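Contents: one structure, followed by commentary.
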Amino acid sequence: AQSVTQLDSHVSVSEGTPVLLRCNYSSSYSPSLFWYVQHPNKGLQLLLKYTSAATLVKGINGFEAEFKKSETSFHLTKPSAHMSDAAEYFCVVPGMDSSYKLIFGSGTRLLVRP
Amino acid sequence: DGGITQSPKYLFRKEGQNVTLSCEQNLNHDAMYWYRQDPGQGLRLIYYSQIVNDFQKGDIAEGYSVSREKKESFPLTVTSAQKNPTAFYLCASRTGFPPYEQYFGPGTRLTVT
């Protein structure tokens, strides 16, 4: 079965400093992986997606993630945090049954201090 | 602009009343989904539809019903049988090719008192 584990429920950074949100996956093969962001009372927005074409994936708003098969990780990074980055971030893997439902990590809430 | 719309944004109902949440997409996707989100929790799948006139129960379908009469529309009815209907409801549609990512609407917050 596919699953993802987000290692931190909360991450706090200062504006202008790097962001690291950690995600490990469990799969019997190399999966597709996504990162979504959710601002308060909003829907989820796709930040980036890994499809095995390249291990370093660039997304919107300056975010990127690196797929590391040896570590079964797909951590999300950004060189310099902005106040508008404060939100909840979900690491997600698509299920491989006929529903193609998304399997969500528990989420990481990013706090950005001025 | 292509996307998914949900209405209303906020909905208040009394216990015992059925309520229908609207979801419309113009992305030309065949597959659509309804998820429920509770505070501090991830998203749980209620129903999904892979094609017009067909839909399947998800993980928490009890107390909910759906229809899929048009490709663009996938309304969700929260019935009086749903024991804890107060939640944030999200609709999504899915691409038809790998990696099968989903695109979400802005959500409807339902409060039942």
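Going through the structure tokens in order, the chains are called A, B, and so on, while each chain numbers its residues from 1 and the ligands are numbered from 1 in the order shown.
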Residue list for chain B near chain A as a PDB file with C-alpha atoms, in the first residue's frame, 9 Å, only C-alpha atoms:
```
ATOM      1  CA  TYR B  33     -14.265  13.787  -6.302  1.00  0.00           C
ATOM      2  CA  GLY B  40      -6.557  19.108  12.238  1.00  0.00           C
ATOM      3  CA  GLN B  41      -7.256  16.205   9.916  1.00  0.00           C
ATOM      4  CA  GLY B  42      -6.441  15.342   6.368  1.00  0.00           C
ATOM      5  CA  LEU B  43      -8.976  14.902   3.630  1.00  0.00           C
ATOM      6  CA  ARG B  44     -11.291  11.895   3.492  1.00  0.00           C
ATOM      7  CA  LEU B  45     -12.956  10.706   0.292  1.00  0.00           C
ATOM      8  CA  TYR B  48     -16.095   9.916  -6.705  1.00  0.00           C
ATOM      9  CA  SER B  49     -17.211   9.696 -10.297  1.00  0.00           C
ATOM     10  CA  GLN B  50     -15.030   8.574 -13.186  1.00  0.00           C
ATOM     11  CA  GLN B  56     -18.717   5.145  -6.484  1.00  0.00           C
ATOM     12  CA  GLY B  58     -15.472   6.486  -1.075  1.00  0.00           C
ATOM     13  CA  PHE B  88     -15.245  21.797   5.181  1.00  0.00           C
ATOM     14  CA  LEU B  90     -13.834  20.114  -1.087  1.00  0.00           C
ATOM     15  CA  CYS B  91     -14.577  19.119  -4.636  1.00  0.00           C
ATOM     16  CA  ARG B  94      -8.651  14.707 -11.971  1.00  0.00           C
ATOM     17  CA  PRO B  98      -0.451  10.121 -15.339  1.00  0.00           C
ATOM     18  CA  PRO B  99       0.350  11.283 -12.741  1.00  0.00           C
ATOM     19  CA  TYR B 100      -3.401  11.804 -12.301  1.00  0.00           C
ATOM     20  CA  GLU B 101      -3.164  14.963 -10.258  1.00  0.00           C
ATOM     21  CA  GLN B 102      -6.316  16.535  -8.887  1.00  0.00           C
ATOM     22  CA  TYR B 103      -7.393  20.156  -8.927  1.00  0.00           C
ATOM     23  CA  PHE B 104      -9.512  21.511  -6.124  1.00  0.00           C
ATOM     24  CA  GLY B 105     -12.295  24.012  -5.758  1.00  0.00           C
ATOM     25  CA  PRO B 106     -12.329  26.686  -3.038  1.00  0.00           C
ATOM     26  CA  GLY B 107     -14.483  24.619  -0.683  1.00  0.00           C
ATOM     27  CA  THR B 108     -17.807  24.982   1.119  1.00  0.00           C
ATOM     28  CA  ARG B 109     -17.921  25.307   4.885  1.00  0.00           C
TER      29      ARG B 109
END
```
Distance query range 67-74 of chain A at most 8 Å, only C-alpha atoms, self and fewer than 3 positions along chain excluded, as a PyMOL selection string: chain A and resi 22-26+30+33+50+55-57
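Reported to one decimal place, the separation of CA of Ile60 in chain A from CA of Lys78 in chain A is 10.4 Å.
Between Thr111 in chain B and the residues B:Phe74, B:Tyr89, B:Gly3, B:Trp34, the shortest atom-to-atom distance, using only C-alpha atoms, involves B:Tyr89.
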From B:Ser73, B:Ser67, B:Thr113, B:Thr95, residue lying nearest Ser7 in chain B [only C-alpha atoms]: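 For Ser7 in chain B, the nearest of the candidates is B:Ser73.
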Residue list (strand (DSSP E or B), DSSP) for range 17-85 of chain B, as number ranges by chain: B: 19-25, 31-37, 43-51, 54-57, 64-66, 70, 73, 76-78
Polymer residues at most 12 Å from Lys71 in chain B, only C-alpha atoms, same-chain spacing of 4 or more positions, as a PyMOL selection string: chain B and resi 23-32+49-55+67+75+93
Val19 in chain A environment, 10 Å, only C-alpha atoms, sequence neighbours closer than 3 positions dropped, as a PyMOL selection string: chain A and resi 11-16+22+63+76-82+85+110+112
Straight-line distance linking CA of Glu64 in chain A with CA of Ser3 in chain A, stated in Å to one decimal: 20.7 Å
